[in-house]
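Below you'll find the structure, written out as structure tokens, and then a few comments.
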Amino acid sequence: MRIDVVSIFPELFDAPLRTSLLGKSIAARRLEVNVIDLRAHGLGPHRSVDDATYGGGAGMVMRPEPIFTAVEEVAEESSHIVLLSPRGTRLDQTGVKRLAGHGHLILICGRYEGVDERVAEHLADDEISIGDYVLAGGELAALVVIEAVSRLLPGALGNEGSLADESHTGGRLEYPQFTRPASYRGWSVPEVLLSGDHGAVERWRRDQAERITRERRPDLLGP
Ligand code: ADE
């Protein structure tokens with residue numbers, strides 16, 4: 001999969017793209033990420049990318065021309081163009097799977113008080129928020145999208161089984177996990193996990209996932 005990112009802070013992507021799963025996916029060529037400096041497409045001698053808001057009001061709005069030029073330079077017929085914004089559809093694991101199905105994503109990171117509406121209306125296929133809170137810009141949101149999507153690429157996780165049981169797959173949060181030591185500071189690992197009874201372990205995990213989901217995210221269980 002290929003992902004192009006349009007941002008005025010390309011350096012924000014350096015360490016995350018070099019590290020851990022993302023670093024490995026890129027090194028293994030499962031994933032190619034190209035960060036485009038929006039300022040290179042800025043207007044005039046100051047390479048301006050923003051301007052005052054029509055109608056009056058505080059704050060600057062990102063101009064459409066640099067964004068359109070930057071995106072159109074890399075877009076192909078099959079590209080899926082996403083604007084990251086707190087106003088977008090809220091991303092969940094189903095949305096991540098959908099994004100992972102595209103061969104080419106273009107992620108546009110908004111900044112300042114907003115992005116000229118013509119970008120959302122005439123350039124982006126999708127406007128996505130990573131949660132109901134406001135970040136200073138779309139860069140961290142784009143990294144969240146890149147990491148969540150990259151985990152789903154074939155071969156990304158050593159053990160594909162870990163995808164089947166994890167939270168937000170199958171409508172349940174994940175059951176608790178333990179490793180050694182069996183007793184730590186007097187806190188013991190649940191007996192059933194040491195029993196060797198696979199059926200009992202399965203039932204315990206299912207009950208725990210159900211309990212945790214009911215307590216923390218009853219909305220996932222439905223009406
Ligand atoms: N930009 C600012 N806040 C955001 C959010 N919650 N999701 C995506 N992009 C954003």
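As shown in the structure tokens, the chain order sets the letters A, B, ...; within each chain, residues go from 1, and ligands are also counted from 1 in the order they appear.
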Contacts of stretch 75-81 of chain A within 7 Å, only C-alpha atoms, excl. fewer than 3 positions in-chain, as an NGL selection string: :A and (71-72 or 102 or 104-107 or 124-126)
Hey, can you spit out that residue selection with N, CA and C atoms as an mmCIF file, in the first residue's frame?
```
data_model
loop_
_atom_site.group_PDB
_atom_site.id
_atom_site.type_symbol
_atom_site.label_atom_id
_atom_site.label_comp_id
_atom_site.auth_asym_id
_atom_site.auth_seq_id
_atom_site.Cartn_x
_atom_site.Cartn_y
_atom_site.Cartn_z
ATOM 1 N N VAL A 71 -2.054 17.635 -3.916
ATOM 2 C CA VAL A 71 -2.767 16.361 -4.044
ATOM 3 C C VAL A 71 -2.793 15.907 -5.498
ATOM 4 N N GLU A 72 -3.090 16.835 -6.406
ATOM 5 C CA GLU A 72 -3.235 16.444 -7.819
ATOM 6 C C GLU A 72 -1.917 15.958 -8.420
ATOM 7 N N HIS A 102 -7.865 0.176 0.294
ATOM 8 C CA HIS A 102 -7.458 1.013 -0.847
ATOM 9 C C HIS A 102 -5.959 0.833 -1.091
ATOM 10 N N HIS A 104 -4.046 3.056 -2.500
ATOM 11 C CA HIS A 104 -3.366 4.345 -2.386
ATOM 12 C C HIS A 104 -4.236 5.326 -1.591
ATOM 13 N N LEU A 105 -3.703 5.793 -0.470
ATOM 14 C CA LEU A 105 -4.404 6.821 0.319
ATOM 15 C C LEU A 105 -3.638 8.130 0.205
ATOM 16 N N ILE A 106 -4.377 9.223 0.135
ATOM 17 C CA ILE A 106 -3.756 10.549 0.251
ATOM 18 C C ILE A 106 -4.388 11.209 1.465
ATOM 19 N N LEU A 107 -3.567 11.524 2.460
ATOM 20 C CA LEU A 107 -4.075 12.104 3.709
ATOM 21 C C LEU A 107 -3.736 13.588 3.744
ATOM 22 N N ALA A 124 -11.599 15.957 -1.518
ATOM 23 C CA ALA A 124 -11.547 14.774 -0.640
ATOM 24 C C ALA A 124 -12.714 13.829 -0.917
ATOM 25 N N ASP A 125 -12.427 12.515 -0.807
ATOM 26 C CA ASP A 125 -13.491 11.508 -0.902
ATOM 27 C C ASP A 125 -14.106 11.264 0.460
ATOM 28 N N ASP A 126 -13.366 11.626 1.507
ATOM 29 C CA ASP A 126 -13.715 11.254 2.857
ATOM 30 C C ASP A 126 -13.199 12.332 3.801
#
```
Those in chain A with strand (DSSP E or B) from DSSP, as an MDAnalysis selection string: chainID A and resid 2:7 32:37 43 48 50:52 60:62 80:90 104:109 114:115 126:129 169 172 183:184 187:188
A:Glu166, A:Pro86, A:Arg47, A:Gly110 ranked by distance to A:Val134, top pick (using only C-alpha atoms):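 Counting only C-alpha atoms, the residue closest to A:Val134 is A:Pro86.
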Best match for closeness to ligand 1 among A:Thr69, A:Ser85, A:Thr19, A:Asn34, counting only C-alpha atoms and all ligand atoms: A:Ser85
For A:Ser20, please output as a PyMOL selection string all residues within 12 Å (counting only C-alpha atoms; exclusion window: fewer than 2 positions along the same chain). chain A and resi 15-18+22-27+147+150-151+156-157
Residue among A:Leu173, A:Ile130, A:Ile212, A:Leu43 lying closest to ligand 1, counting only C-alpha atoms and all ligand atoms: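 Between A:Leu173, A:Ile130, A:Ile212, A:Leu43, the residue approaching ligand 1 most closely is A:Ile130.
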Mind running chain A against ligand 1 at 8 Å and telling me each contacting residue's nearest atom pair with the distance in Å (one decimal), counting only C-alpha atoms and all ligand atoms, chain and number ascending, as CSV?
```
residue,atom,partner,partner_atom_place_in_ligand_line,distance
A:Leu83,CA,ligand 1,9 (N),7.8
A:Leu84,CA,ligand 1,9 (N),4.1
A:Ser85,CA,ligand 1,9 (N),3.5
A:Pro86,CA,ligand 1,5 (C),3.8
A:Arg87,CA,ligand 1,5 (C),7.4
A:Gly88,CA,ligand 1,8 (C),7.1
A:Arg90,CA,ligand 1,7 (N),7.8
A:Cys109,CA,ligand 1,9 (N),7.2
A:Gly110,CA,ligand 1,1 (N),6.3
A:Arg111,CA,ligand 1,1 (N),7.1
A:Ile128,CA,ligand 1,8 (C),6.0
A:Ser129,CA,ligand 1,7 (N),3.4
A:Ile130,CA,ligand 1,7 (N),4.1
A:Gly131,CA,ligand 1,6 (N),4.7
A:Asp132,CA,ligand 1,6 (N),5.7
A:Tyr133,CA,ligand 1,6 (N),4.9
A:Val134,CA,ligand 1,3 (N),3.9
A:Leu135,CA,ligand 1,3 (N),3.8
A:Ala136,CA,ligand 1,2 (C),5.5
A:Gly137,CA,ligand 1,1 (N),4.3
A:Gly138,CA,ligand 1,1 (N),4.0
A:Glu139,CA,ligand 1,9 (N),7.4
A:Leu140,CA,ligand 1,9 (N),7.7
A:Ala141,CA,ligand 1,8 (C),4.9
A:Ala142,CA,ligand 1,8 (C),7.4
```
To one decimal in Å, tell me the separation between atom CA of A:Leu220 and atom CA of A:Ala164. 16.7 Å
Would you mind writing down, as an MDAnalysis selection string, each residue of stretch 55-207 of chain A that DSSP on the backbone assigns to helix (DSSP H, G or I)? chainID A and resid 64:74 93:100 117:122 139:150 161:165 191:194 198:207
